[in-house]
$ cat upload_0.tsv   # TSV, C-alpha atoms and all ligand atoms
chain	number	residue	atom	x	y	z
I	1	SER	CA	0.00	0.00	0.00
I	2	VAL	CA	1.04	3.58	-0.61
I	3	VAL	CA	2.04	5.63	2.40
I	4	ALA	CA	1.34	9.34	2.13
I	5	ARG	CA	3.50	11.31	4.54
I	6	ILE	CA	1.88	14.43	5.91
I	7	ALA	CA	3.69	17.13	7.87
I	8	VAL	CA	1.40	18.70	10.46
I	9	ILE	CA	1.97	22.22	11.73
I	10	GLY	CA	-0.79	23.00	14.20
I	11	GLY	CA	0.62	26.44	14.88
I	12	ASP	CA	-1.06	28.80	17.32
I	13	GLY	CA	-4.35	29.31	19.14
I	14	ILE	CA	-7.14	27.15	17.71
I	15	GLY	CA	-4.76	25.90	14.99
I	16	PRO	CA	-3.75	22.71	16.85
I	17	GLU	CA	-7.36	22.16	18.02
I	18	VAL	CA	-8.76	22.12	14.50
I	19	VAL	CA	-5.97	20.13	12.84
I	20	GLU	CA	-6.23	17.39	15.48
I	21	ALA	CA	-9.94	17.22	14.62
I	22	GLY	CA	-9.02	17.00	10.93
I	23	ILE	CA	-6.52	14.21	11.59
I	24	ARG	CA	-9.14	12.15	13.44
I	25	VAL	CA	-11.42	12.52	10.43
I	26	LEU	CA	-8.66	11.64	7.95
I	27	GLU	CA	-7.77	8.51	9.88
I	28	VAL	CA	-11.28	7.05	9.62
I	29	ALA	CA	-11.84	8.34	6.10
I	30	VAL	CA	-9.00	6.26	4.65
I	31	ARG	CA	-9.84	3.05	6.56
I	32	PRO	CA	-11.88	1.55	3.71
I	33	GLU	CA	-8.92	2.07	1.41
I	34	PRO	CA	-6.32	-0.58	2.13
I	35	SER	CA	-4.13	0.86	-0.61
I	36	LEU	CA	-3.74	4.13	1.23
I	37	GLU	CA	-1.99	4.75	4.49
I	38	LEU	CA	-1.47	8.15	6.03
I	39	GLU	CA	1.48	8.90	8.25
I	40	PHE	CA	1.47	12.13	10.25
I	41	GLU	CA	4.48	13.91	11.63
I	42	ARG	CA	3.85	16.89	13.90
I	43	PHE	CA	6.07	19.96	14.08
I	44	PRO	CA	5.69	22.23	17.15
I	45	TRP	CA	6.42	25.46	15.29
I	46	GLY	CA	4.71	28.76	15.95
I	47	CYS	CA	4.72	31.64	18.42
I	48	GLU	CA	5.61	29.58	21.52
I	49	TYR	CA	8.51	28.09	19.62
I	50	TYR	CA	9.51	31.63	18.65
I	51	LEU	CA	9.56	32.81	22.25
I	52	GLU	CA	11.92	29.94	23.14
I	53	GLN	CA	14.06	29.75	20.01
I	54	GLY	CA	13.90	33.22	18.51
I	55	ARG	CA	12.50	31.84	15.25
I	56	MET	CA	9.09	30.64	14.14
I	57	MET	CA	10.55	27.47	12.64
I	58	PRO	CA	14.06	26.02	12.35
I	59	LYS	CA	16.45	27.32	9.70
I	60	ASP	CA	16.24	24.08	7.74
I	61	ALA	CA	12.43	23.80	8.01
I	62	LEU	CA	11.80	23.93	4.27
I	63	GLU	CA	14.37	21.21	3.70
I	64	THR	CA	12.64	19.07	6.32
I	65	LEU	CA	9.20	19.69	4.84
I	66	SER	CA	10.28	19.11	1.26
I	67	GLY	CA	10.31	15.34	1.85
I	68	PHE	CA	6.58	15.21	2.65
I	69	ASP	CA	3.69	14.49	0.29
I	70	ALA	CA	1.54	17.26	1.75
I	71	LEU	CA	1.51	19.81	4.54
I	72	TYR	CA	-1.43	20.34	6.89
I	73	LEU	CA	-1.52	23.60	8.83
I	74	GLY	CA	-3.78	25.07	11.51
I	75	ALA	CA	-3.10	28.78	11.95
I	76	VAL	CA	-0.19	31.06	12.69
I	77	GLY	CA	-0.19	34.13	14.91
I	78	TRP	CA	-0.57	35.03	18.57
I	79	PRO	CA	-0.68	38.39	20.37
I	80	SER	CA	2.73	37.76	22.00
I	81	VAL	CA	4.48	38.13	18.63
I	82	PRO	CA	3.78	40.88	16.06
I	83	ASP	CA	1.75	39.38	13.21
I	84	HIS	CA	4.12	40.41	10.45
I	85	VAL	CA	6.94	38.67	12.34
I	86	SER	CA	5.03	35.43	12.93
I	87	LEU	CA	3.53	35.21	9.45
I	88	TRP	CA	6.73	36.16	7.64
I	89	GLY	CA	8.53	33.66	9.90
I	90	LEU	CA	6.33	30.68	9.17
I	91	LEU	CA	3.41	30.55	6.75
I	92	LEU	CA	4.48	33.05	4.09
I	93	PRO	CA	8.01	31.58	3.64
I	94	ILE	CA	6.43	28.15	3.05
I	95	ARG	CA	3.99	29.47	0.44
I	96	ARG	CA	6.82	31.27	-1.34
I	97	GLY	CA	9.64	28.80	-0.77
I	98	PHE	CA	7.53	25.97	-2.17
I	99	ASP	CA	6.19	28.17	-4.97
I	100	GLN	CA	2.60	27.47	-3.93
I	101	TYR	CA	1.40	30.10	-6.32
I	102	VAL	CA	-2.23	29.02	-6.36
I	103	ASN	CA	-4.35	29.61	-3.31
I	104	LEU	CA	-7.58	27.83	-4.06
I	105	ARG	CA	-10.53	28.76	-1.87
I	106	PRO	CA	-13.71	26.94	-2.77
I	107	VAL	CA	-16.96	27.64	-0.94
I	108	ARG	CA	-20.43	26.25	-1.14
I	109	LEU	CA	-23.44	26.83	1.04
I	110	LEU	CA	-23.54	23.49	2.86
I	111	ARG	CA	-26.92	21.99	3.78
I	112	GLY	CA	-28.05	22.99	7.23
I	113	VAL	CA	-25.94	26.13	7.31
I	114	GLN	CA	-27.63	29.49	7.34
I	115	SER	CA	-26.06	32.18	5.20
I	116	PRO	CA	-26.13	35.68	6.72
I	117	LEU	CA	-27.42	36.83	3.32
I	118	ALA	CA	-31.17	37.04	2.89
I	119	GLU	CA	-31.08	35.43	-0.54
I	120	PRO	CA	-27.84	33.55	-1.03
I	121	GLY	CA	-29.23	31.50	-3.92
I	122	LYS	CA	-27.13	28.56	-5.01
I	123	LEU	CA	-23.82	29.78	-3.69
I	124	ASP	CA	-21.03	27.60	-5.12
I	125	LEU	CA	-17.86	29.29	-6.23
I	126	VAL	CA	-14.11	29.24	-5.98
I	127	VAL	CA	-11.70	32.08	-5.42
I	128	VAL	CA	-8.32	31.60	-7.08
I	129	ARG	CA	-5.88	33.81	-5.21
I	130	GLU	CA	-2.35	34.60	-6.33
I	131	ASN	CA	-0.16	33.42	-3.47
I	132	THR	CA	3.48	34.39	-4.00
I	133	GLU	CA	3.77	38.01	-5.12
I	134	GLY	CA	1.62	41.11	-5.64
I	135	GLU	CA	0.91	43.29	-2.64
I	136	TYR	CA	2.68	40.87	-0.28
I	137	SER	CA	6.25	42.02	-0.78
I	138	ASP	CA	9.19	42.75	1.44
I	139	ALA	CA	10.41	45.57	-0.78
I	140	GLY	CA	9.96	48.98	0.72
I	141	GLY	CA	10.88	51.00	3.72
I	142	ARG	CA	10.16	53.88	6.01
I	143	LEU	CA	11.57	57.36	5.60
I	144	HIS	CA	11.73	60.31	7.98
I	145	ARG	CA	11.11	58.07	10.96
I	146	GLY	CA	10.03	59.82	14.10
I	147	THR	CA	8.89	62.95	12.26
I	148	PRO	CA	5.39	64.06	11.30
I	149	HIS	CA	6.52	63.55	7.69
I	150	GLU	CA	7.19	59.85	8.10
I	151	ILE	CA	6.43	57.82	4.96
I	152	ALA	CA	5.92	54.08	4.62
I	153	VAL	CA	6.41	52.73	1.10
I	154	GLN	CA	5.86	49.14	0.03
I	155	GLU	CA	6.23	47.89	-3.49
I	156	THR	CA	3.56	45.80	-5.17
I	157	VAL	CA	5.23	43.39	-7.56
I	158	PHE	CA	3.32	41.78	-10.43
I	159	THR	CA	5.47	39.71	-12.76
I	160	ARG	CA	4.27	38.62	-16.20
I	161	ARG	CA	5.06	35.03	-15.29
I	162	GLY	CA	3.29	35.34	-11.95
I	163	VAL	CA	0.12	36.89	-13.32
I	164	GLU	CA	0.00	34.64	-16.37
I	165	ARG	CA	0.25	31.42	-14.42
I	166	ILE	CA	-2.42	32.30	-11.85
I	167	VAL	CA	-4.78	33.64	-14.49
I	168	ARG	CA	-4.25	30.56	-16.68
I	169	TYR	CA	-4.96	28.31	-13.68
I	170	ALA	CA	-8.21	30.22	-13.10
I	171	TYR	CA	-9.30	29.84	-16.75
I	172	GLU	CA	-8.60	26.10	-16.53
I	173	GLU	CA	-10.62	25.91	-13.33
I	174	ALA	CA	-13.51	27.79	-14.95
I	175	LYS	CA	-13.38	25.42	-17.92
I	176	LYS	CA	-13.82	22.46	-15.53
I	177	ARG	CA	-16.72	24.19	-13.78
I	178	ARG	CA	-19.49	26.38	-15.21
I	179	GLY	CA	-17.26	28.28	-17.62
I	180	LEU	CA	-17.57	31.66	-15.91
I	181	LEU	CA	-14.55	33.64	-14.81
I	182	THR	CA	-14.37	37.02	-13.08
I	183	GLY	CA	-11.06	38.83	-12.74
I	184	ALA	CA	-10.81	41.10	-9.69
I	185	THR	CA	-9.07	44.31	-10.63
I	186	LYS	CA	-8.62	47.84	-9.36
I	187	SER	CA	-7.19	49.35	-12.51
I	188	ASN	CA	-9.21	52.52	-12.07
I	189	GLY	CA	-7.14	53.58	-9.06
I	190	ILE	CA	-3.97	51.49	-9.09
I	191	SER	CA	-2.60	52.69	-12.38
I	192	ILE	CA	0.43	50.53	-13.16
I	193	THR	CA	0.14	47.04	-11.71
I	194	MET	CA	-3.60	46.57	-12.13
I	195	PRO	CA	-3.82	47.55	-15.83
I	196	PHE	CA	-0.93	45.08	-16.32
I	197	PHE	CA	-3.04	42.40	-14.61
I	198	ASP	CA	-6.03	43.28	-16.85
I	199	GLU	CA	-3.91	43.11	-19.99
I	200	ILE	CA	-2.63	39.63	-19.16
I	201	PHE	CA	-6.10	38.48	-18.08
I	202	ARG	CA	-7.40	39.38	-21.56
I	203	GLU	CA	-4.41	37.92	-23.38
I	204	VAL	CA	-4.66	34.55	-21.64
I	205	GLY	CA	-8.41	34.64	-22.24
I	206	GLU	CA	-7.80	34.31	-25.96
I	207	GLU	CA	-6.69	30.73	-25.30
I	208	PHE	CA	-10.04	30.00	-23.65
I	209	PRO	CA	-12.84	31.02	-26.02
I	210	GLU	CA	-15.18	28.63	-24.15
I	211	VAL	CA	-14.84	30.59	-20.91
I	212	GLU	CA	-17.03	33.64	-20.42
I	213	ALA	CA	-14.61	36.02	-18.76
I	214	SER	CA	-14.92	39.55	-17.48
I	215	LEU	CA	-13.04	41.97	-15.27
I	216	MET	CA	-14.68	43.74	-12.36
I	217	HIS	CA	-13.35	46.35	-10.00
I	218	ALA	CA	-12.83	44.63	-6.69
I	219	ASP	CA	-14.95	47.09	-4.73
I	220	ALA	CA	-17.94	46.56	-7.02
I	221	LEU	CA	-17.21	42.84	-7.03
I	222	ALA	CA	-17.24	42.76	-3.21
I	223	ALA	CA	-20.73	44.26	-3.32
I	224	ARG	CA	-21.93	41.83	-6.01
I	225	LEU	CA	-20.62	38.88	-3.98
I	226	VAL	CA	-22.95	39.96	-1.19
I	227	LEU	CA	-25.91	40.91	-3.38
I	228	ALA	CA	-25.82	38.14	-6.00
I	229	PRO	CA	-23.22	35.49	-5.13
I	230	GLU	CA	-24.98	32.83	-7.22
I	231	ALA	CA	-23.89	34.72	-10.34
I	232	PHE	CA	-20.23	33.78	-9.77
I	233	ASP	CA	-18.33	30.63	-10.58
I	234	VAL	CA	-14.57	31.33	-10.49
I	235	VAL	CA	-13.08	34.58	-9.23
I	236	VAL	CA	-9.38	35.26	-9.71
I	237	GLY	CA	-7.50	37.97	-7.87
I	238	SER	CA	-4.15	39.20	-6.67
I	239	ASN	CA	-2.71	38.16	-3.33
I	240	LEU	CA	-4.48	40.88	-1.33
I	241	LEU	CA	-7.71	41.15	-3.31
I	242	GLY	CA	-8.06	37.37	-3.35
I	243	ASP	CA	-7.56	37.23	0.40
I	244	ILE	CA	-10.29	39.75	1.13
I	245	LEU	CA	-12.79	38.49	-1.44
I	246	SER	CA	-12.40	34.90	-0.24
I	247	GLU	CA	-13.20	35.91	3.30
I	248	ILE	CA	-16.40	37.58	2.08
I	249	THR	CA	-17.42	34.43	0.23
I	250	ALA	CA	-16.57	32.28	3.27
I	251	ALA	CA	-18.73	34.44	5.52
I	252	ALA	CA	-21.52	34.35	2.94
I	253	CYS	CA	-21.45	30.57	3.35
I	254	GLY	CA	-22.12	30.86	7.07
I	255	ALA	CA	-18.89	31.73	8.86
I	256	ILE	CA	-15.19	31.93	8.20
I	257	GLY	CA	-14.70	28.78	10.30
I	258	ILE	CA	-16.12	26.68	7.47
I	259	ALA	CA	-13.92	27.54	4.54
I	260	PRO	CA	-10.79	25.72	3.36
I	261	SER	CA	-7.71	26.87	1.52
I	262	ALA	CA	-5.34	24.85	-0.66
I	263	ASN	CA	-1.93	26.37	-1.29
I	264	LEU	CA	-0.89	24.51	-4.41
I	265	ASN	CA	2.39	24.04	-6.17
I	266	PRO	CA	0.82	22.81	-9.40
I	267	THR	CA	4.09	21.53	-10.88
I	268	GLY	CA	4.41	19.02	-8.06
I	269	GLU	CA	8.03	19.96	-7.56
I	270	HIS	CA	7.28	20.95	-3.97
I	271	PRO	CA	4.64	19.85	-1.47
I	272	SER	CA	1.33	21.73	-1.32
I	273	LEU	CA	-0.17	23.02	1.92
I	274	PHE	CA	-3.75	22.66	3.16
I	275	GLU	CA	-5.31	24.80	5.87
I	276	PRO	CA	-8.55	26.42	6.93
I	277	ILE	CA	-8.83	30.05	5.85
I	278	HIS	CA	-9.37	31.33	9.37
I	279	GLY	CA	-6.69	32.42	11.83
I	280	SER	CA	-5.71	31.41	15.36
I	281	ALA	CA	-8.78	33.07	16.95
I	282	PRO	CA	-7.16	34.11	20.26
I	283	ASP	CA	-10.61	35.07	21.59
I	284	ILE	CA	-11.79	31.44	21.67
I	285	ALA	CA	-8.51	29.49	21.80
I	286	GLY	CA	-8.24	26.77	24.43
I	287	LYS	CA	-11.99	26.69	25.06
I	288	GLY	CA	-12.74	23.70	22.87
I	289	VAL	CA	-15.38	25.58	20.88
I	290	ALA	CA	-13.60	26.23	17.58
I	291	ASN	CA	-15.38	25.13	14.44
I	292	PRO	CA	-13.19	22.43	12.85
I	293	SER	CA	-15.17	22.46	9.56
I	294	GLY	CA	-12.63	24.54	7.63
I	295	ALA	CA	-9.82	22.23	8.71
I	296	ILE	CA	-11.91	19.15	7.88
I	297	TRP	CA	-12.82	20.53	4.45
I	298	ALA	CA	-9.12	21.34	3.92
I	299	ALA	CA	-8.34	17.72	4.83
I	300	SER	CA	-10.75	16.66	2.10
I	301	LEU	CA	-8.94	18.88	-0.41
I	302	MET	CA	-5.67	17.30	0.71
I	303	LEU	CA	-7.02	13.78	0.07
I	304	GLU	CA	-8.16	14.88	-3.38
I	305	HIS	CA	-4.74	16.32	-4.07
I	306	LEU	CA	-3.13	13.03	-3.01
I	307	GLY	CA	-5.31	11.28	-5.58
I	308	HIS	CA	-7.90	9.82	-3.22
I	309	GLU	CA	-11.06	11.36	-4.61
I	310	ALA	CA	-13.41	8.79	-3.06
I	311	ALA	CA	-12.11	9.37	0.46
I	312	ALA	CA	-12.13	13.12	-0.14
I	313	ALA	CA	-15.78	13.00	-1.19
I	314	ARG	CA	-16.71	10.85	1.84
I	315	VAL	CA	-15.23	13.47	4.18
I	316	LEU	CA	-17.21	16.28	2.60
I	317	VAL	CA	-20.42	14.25	2.68
I	318	ALA	CA	-19.90	13.40	6.38
I	319	LEU	CA	-19.21	17.06	7.16
I	320	GLU	CA	-22.29	18.24	5.32
I	321	GLU	CA	-24.54	15.56	6.84
I	322	THR	CA	-23.39	16.50	10.32
I	323	LEU	CA	-24.29	20.14	9.71
I	324	ALA	CA	-27.52	19.25	7.93
I	325	GLU	CA	-28.63	17.24	10.97
I	326	GLY	CA	-28.20	20.31	13.13
I	327	VAL	CA	-24.93	19.53	14.87
I	328	LYS	CA	-23.17	22.87	14.84
I	329	THR	CA	-20.54	24.84	16.69
I	330	ARG	CA	-21.30	28.17	18.33
I	331	ASP	CA	-20.18	30.34	15.41
I	332	LEU	CA	-22.99	28.72	13.38
I	333	GLY	CA	-25.54	29.15	16.13
I	334	GLY	CA	-25.16	25.66	17.59
I	335	GLU	CA	-23.90	24.33	20.89
I	336	ALA	CA	-21.48	21.57	19.93
I	337	GLY	CA	-17.86	21.84	21.00
I	338	THR	CA	-14.99	21.01	18.65
I	339	GLU	CA	-14.73	17.44	19.94
I	340	GLU	CA	-18.42	16.67	19.92
I	341	PHE	CA	-18.75	18.02	16.39
I	342	THR	CA	-15.77	15.97	15.24
I	343	ASP	CA	-17.18	12.83	16.93
I	344	GLU	CA	-20.30	13.26	14.80
I	345	VAL	CA	-18.33	13.61	11.57
I	346	VAL	CA	-16.19	10.58	12.49
I	347	ARG	CA	-19.29	8.51	13.36
I	348	ARG	CA	-20.69	9.12	9.88
I	349	LEU	CA	-17.48	7.83	8.33
I	350	LEU	CA	-17.34	4.60	10.30
I	351	PRO	CA	-18.35	1.52	8.29
I	401	LIG	P1	-9.31	34.96	12.99
I	401	LIG	O1	-9.73	34.23	11.79
I	401	LIG	O2	-8.35	34.26	13.87
I	401	LIG	O3	-10.59	35.35	13.87
I	401	LIG	C1	-11.62	36.23	13.42
I	401	LIG	C2	-12.91	35.92	14.17
I	401	LIG	O4	-13.47	34.70	13.69
I	401	LIG	C3	-12.72	35.71	15.68
I	401	LIG	O5	-13.82	36.24	16.37
I	401	LIG	C4	-12.68	34.21	15.84
I	401	LIG	O6	-13.12	33.74	17.09
I	401	LIG	C5	-13.60	33.75	14.72
I	401	LIG	N1	-13.19	32.44	14.22
I	401	LIG	C6	-12.15	32.20	13.38
I	401	LIG	N2	-12.04	30.90	13.15
I	401	LIG	C7	-13.02	30.29	13.82
I	401	LIG	C8	-13.41	28.92	13.99
I	401	LIG	N3	-12.77	27.92	13.37
I	401	LIG	N4	-14.46	28.65	14.79
I	401	LIG	C9	-15.13	29.64	15.41
I	401	LIG	N5	-14.81	30.94	15.29
I	401	LIG	C10	-13.75	31.27	14.51
I	401	LIG	O7	-8.72	36.36	12.49
I	401	LIG	P2	-7.90	37.49	13.29
I	401	LIG	O8	-8.52	37.69	14.63
I	401	LIG	O9	-7.78	38.59	12.37
I	401	LIG	O10	-6.46	36.88	13.49
I	401	LIG	C11	-5.98	36.24	14.66
I	401	LIG	C12	-4.56	35.77	14.41
I	401	LIG	O11	-4.53	34.78	13.36
I	401	LIG	C13	-3.63	36.88	13.92
I	401	LIG	O12	-2.37	36.63	14.48
I	401	LIG	C14	-3.61	36.71	12.43
I	401	LIG	O13	-2.46	37.22	11.81
I	401	LIG	C15	-3.65	35.20	12.32
I	401	LIG	N6	-4.17	34.66	11.05
I	401	LIG	C16	-3.54	33.57	10.55
I	401	LIG	C17	-4.00	32.96	9.41
I	401	LIG	C18	-3.29	31.75	8.89
I	401	LIG	O14	-2.49	31.17	9.59
I	401	LIG	N7	-3.57	31.32	7.68
I	401	LIG	C19	-5.15	33.44	8.79
I	401	LIG	C20	-5.80	34.56	9.32
I	401	LIG	C21	-5.30	35.16	10.46
I	402	LIG	C1	-4.61	33.92	5.12
I	402	LIG	C2	-4.19	34.97	6.09
I	402	LIG	C3	-2.75	35.39	5.80
I	402	LIG	C4	-2.72	35.99	4.40
I	402	LIG	C5	-2.18	36.39	6.79
I	402	LIG	C6	-2.32	35.90	8.20
I	402	LIG	C7	-0.78	36.77	6.45
I	402	LIG	O1	-5.07	36.04	6.06
I	402	LIG	O2	-4.11	32.80	5.17
I	402	LIG	O3	-5.45	34.22	4.29
I	402	LIG	O4	-3.09	37.15	4.22
I	402	LIG	O5	-2.34	35.27	3.50

$ encode --input "upload_0.tsv" --output "structure tokens"
Amino acid sequence: SVVARIAVIGGDGIGPEVVEAGIRVLEVAVRPEPSLELEFERFPWGCEYYLEQGRMMPKDALETLSGFDALYLGAVGWPSVPDHVSLWGLLLPIRRGFDQYVNLRPVRLLRGVQSPLAEPGKLDLVVVRENTEGEYSDAGGRLHRGTPHEIAVQETVFTRRGVERIVRYAYEEAKKRRGLLTGATKSNGISITMPFFDEIFREVGEEFPEVEASLMHADALAARLVLAPEAFDVVVGSNLLGDILSEITAAACGAIGIAPSANLNPTGEHPSLFEPIHGSAPDIAGKGVANPSGAIWAASLMLEHLGHEAAAARVLVALEETLAEGVKTRDLGGEAGTEEFTDEVVRRLLP
């Protein structure tokens, strides 16, 4: 049988709580498949590690992780360490170092979950977020520090290669789905990088005559995602725009605790990373009330990525059935704790 080796980085706050829930689900989900064995190795990296070691993860962390088939992450960030230090010390270097240039964020209104929108319609879409460049750059600096004239400047970097590959991935994704693609832009205000994005979006579009593609300013798009989310199929955006739009779509599907995120290195040269979209939620950490749905859905995406579509589908069905039968965590208006919710998902996966 094939052994898939998974590196687990629980991280901070509710991160470890939700990934342990996901691991329990994964373990039962693969039982009916004798050809597949999962092996988990846990790495205690994060803000506590930082306070002891002065780094978020060891110097050779990427080398260590490169031998795994997939990476499973909870969340990074805790009030004891500035967020830009913790995130640039752990999650962002993995996304970049492993060239995980696609951040895929699918959402669907699962049965039993109430959308905060009055008329969500048939909400089923995927945000394709650029994950290695754009607004997330370390180029810049601060001038005139300590004076009233202080200036902070940070470069946004769009490369032709970077934009082309994410846009092409999004067209491919749209082709596999309903054939609708929306490019998130802001070329009315951001006058150099965003028109460049638009230009490449249109150029690549010529290769996909079967996809109905259009560009929308991200502010207007944010409003449309709230007013008429059923009109969207695939939305592609830069690192920052994709981040914000995908959190809107997650919330539209009930709560941010539900939504998953796949950080993909499509060439397969490096491992891909799977995580919920939410953060470490310091306000509820340690209370056993976190919603593990996002982490469980991310686990399903990881199984799919490893080539185990049947097990991946079983996980999603068990998750949706649990919610549909009214077992819900507090963020969704229920009373179940993380463990009780996970028990219910696991029970539905047992033979
Ligand atoms: P957050 O996602 O941690 O929390 C926002 C709100 O949503 C909180 O009220 C929280 O309780 C709630 N929430 C989030 N996930 C939930 C879940 N699974 N179940 C129930 N409720 C949930 O966002 P934040 O407060 O902006 O960030 C907290 C920390 O997490 C920061 O350090 C931030 O940088 C970090 N962060 C990390 C990631 C990541 O690792 N990918 C993502 C987002 C934020
Ligand atoms: C996410 C988070 C991160 C991001 C932050 C914590 C740096 O919001 O995973 O979406 O913006 O990528």

$ closest_residue --input "upload_0.tsv" --among "I:Asn263, I:Thr329, I:Thr64, I:Thr147" --to "ligand LIG 401 (chain I)" --atoms "only C-alpha atoms and all ligand atoms"
I:Thr329

$ atom_distance --input "upload_0.tsv" --atom1 "atom C21 of ligand LIG 401 (chain I)" --atom2 "atom CA of Ser280 of chain I"
6.2 Å

$ residues_near_ligand --input "upload_0.tsv" --ligand "ligand LIG 402 (chain I)" --cutoff "7 Å" --atoms "all atoms listed in the file" --output "list in words"
Val76, Leu87, Leu92, Leu240, Asp243, Ile277, His278 and Gly279 of chain I

$ closest_residue --input "upload_0.tsv" --among "I:Trp78, I:Phe43, I:Tyr72, I:Phe341" --to "ligand LIG 401 (chain I)" --atoms "only C-alpha atoms and all ligand atoms"
I:Trp78

$ atom_distance --input "upload_0.tsv" --atom1 "atom CA of Glu304 of chain I" --atom2 "atom CA of Ser261 of chain I"
13.0 Å

$ closest_residue --input "upload_0.tsv" --among "I:Phe158, I:Phe197, I:Trp88, I:Tyr169" --to "ligand LIG 401 (chain I)" --atoms "only C-alpha atoms and all ligand atoms"
I:Trp88

$ closest_residue --input "upload_0.tsv" --among "I:Arg165, I:Arg145, I:Arg95, I:Lys176" --to "ligand LIG 401 (chain I)" --atoms "all atoms listed in the file"
I:Arg95

$ atom_distance --input "upload_0.tsv" --atom1 "atom C16 of ligand LIG 401 (chain I)" --atom2 "atom CA of Ala21 of chain I"
18.0 Å

$ closest_atom_pairs --input "upload_0.tsv" --of "chain I" --to "ligand LIG 401 (chain I)" --cutoff "8 Å" --atoms "only C-alpha atoms and all ligand atoms" --output "tab-separated table"
residue	atom	partner	partner_atom	distance
I:Gly11	CA	I:LIG401	O14	7.7
I:Asp12	CA	I:LIG401	O11	8.0
I:Gly13	CA	I:LIG401	O11	8.0
I:Ile14	CA	I:LIG401	N3	7.2
I:Gly15	CA	I:LIG401	O14	7.9
I:Val18	CA	I:LIG401	N3	7.1
I:Leu73	CA	I:LIG401	O14	7.7
I:Gly74	CA	I:LIG401	O14	6.5
I:Ala75	CA	I:LIG401	O14	3.4
I:Val76	CA	I:LIG401	O14	3.9
I:Gly77	CA	I:LIG401	O12	3.3
I:Trp78	CA	I:LIG401	O12	4.7
I:Pro79	CA	I:LIG401	O12	6.4
I:Pro82	CA	I:LIG401	O12	7.6
I:Asp83	CA	I:LIG401	O13	4.9
I:His84	CA	I:LIG401	O13	7.4
I:Ser86	CA	I:LIG401	O12	7.7
I:Leu87	CA	I:LIG401	O13	6.7
I:Leu91	CA	I:LIG401	O14	6.6
I:Ala255	CA	I:LIG401	C10	7.7
I:Ile256	CA	I:LIG401	N2	6.0
I:Gly257	CA	I:LIG401	N3	3.7
I:Ile258	CA	I:LIG401	N3	6.9
I:Glu275	CA	I:LIG401	N7	7.0
I:Pro276	CA	I:LIG401	N7	7.0
I:Ile277	CA	I:LIG401	N7	5.7
I:His278	CA	I:LIG401	O1	3.8
I:Gly279	CA	I:LIG401	O2	3.2
I:Ser280	CA	I:LIG401	O11	4.1
I:Ala281	CA	I:LIG401	O2	3.3
I:Pro282	CA	I:LIG401	C11	6.1
I:Asp283	CA	I:LIG401	O6	5.3
I:Ile284	CA	I:LIG401	O6	5.3
I:Ala285	CA	I:LIG401	O6	7.8
I:Val289	CA	I:LIG401	C9	6.8
I:Ala290	CA	I:LIG401	N4	3.8
I:Asn291	CA	I:LIG401	N4	3.7
I:Pro292	CA	I:LIG401	N3	5.5
I:Ser293	CA	I:LIG401	N3	7.1
I:Gly294	CA	I:LIG401	N3	6.7
I:Ala295	CA	I:LIG401	N3	7.9
I:Thr329	CA	I:LIG401	C9	7.3
I:Arg330	CA	I:LIG401	C9	7.0
I:Asp331	CA	I:LIG401	C9	5.1

$ closest_residue --input "upload_0.tsv" --among "I:Asp60, I:Glu207, I:Asp138, I:Glu37" --to "Glu172 of chain I" --atoms "all atoms listed in the file"
I:Glu207

$ closest_residue --input "upload_0.tsv" --among "I:Ala174, I:Met57, I:Cys253, I:Leu264" --to "Val226 of chain I" --atoms "all atoms listed in the file"
I:Cys253

$ residues_around --input "upload_0.tsv" --residues "Gly54 of chain I" --least-positions-apart "4" --cutoff "12 Å" --atoms "all atoms listed in the file" --output "PDB file with C-alpha atoms, keeping the file's coordinate frame"
ATOM      1  CA  TRP I  45       6.420  25.460  15.290  1.00  0.00           C
ATOM      2  CA  GLY I  46       4.710  28.760  15.950  1.00  0.00           C
ATOM      3  CA  CYS I  47       4.720  31.640  18.420  1.00  0.00           C
ATOM      4  CA  GLU I  48       5.610  29.580  21.520  1.00  0.00           C
ATOM      5  CA  TYR I  49       8.510  28.090  19.620  1.00  0.00           C
ATOM      6  CA  TYR I  50       9.510  31.630  18.650  1.00  0.00           C
ATOM      7  CA  PRO I  58      14.060  26.020  12.350  1.00  0.00           C
ATOM      8  CA  LYS I  59      16.450  27.320   9.700  1.00  0.00           C
ATOM      9  CA  VAL I  81       4.480  38.130  18.630  1.00  0.00           C
ATOM     10  CA  VAL I  85       6.940  38.670  12.340  1.00  0.00           C
ATOM     11  CA  SER I  86       5.030  35.430  12.930  1.00  0.00           C
ATOM     12  CA  GLY I  89       8.530  33.660   9.900  1.00  0.00           C
TER      13      GLY I  89
END

$ axis_aligned_box --input "upload_0.tsv" --around "segment 28-37 of chain I" --padding-each-side "6 Å" --output "AutoDock Vina command-line options"
--center_x -6.9 --center_y 3.9 --center_z 4.5 --size_x 21.9 --size_y 20.9 --size_z 22.2

$ residues_around --input "upload_0.tsv" --residues "segment 1-8 of chain I" --least-positions-apart "3" --cutoff "10 Å" --atoms "all atoms listed in the file" --output "number ranges by chain"
I: 11, 16, 19-20, 23, 33-45, 64-74, 271, 273-274, 302-303, 306

$ residues_around --input "upload_0.tsv" --residues "Leu319 of chain I" --least-positions-apart "3" --cutoff "10 Å" --atoms "all atoms listed in the file" --output "PyMOL selection string"
chain I and resi 25+110-111+292-294+296-297+300+313-316+322-324+327+341-342+344-346+348-349

$ residues_around --input "upload_0.tsv" --residues "Ala139 of chain I" --least-positions-apart "3" --cutoff "10 Å" --atoms "only C-alpha atoms" --output "list in words"
Glu135, Tyr136, Val153, Gln154, Glu155, Thr156 and Val157 of chain I
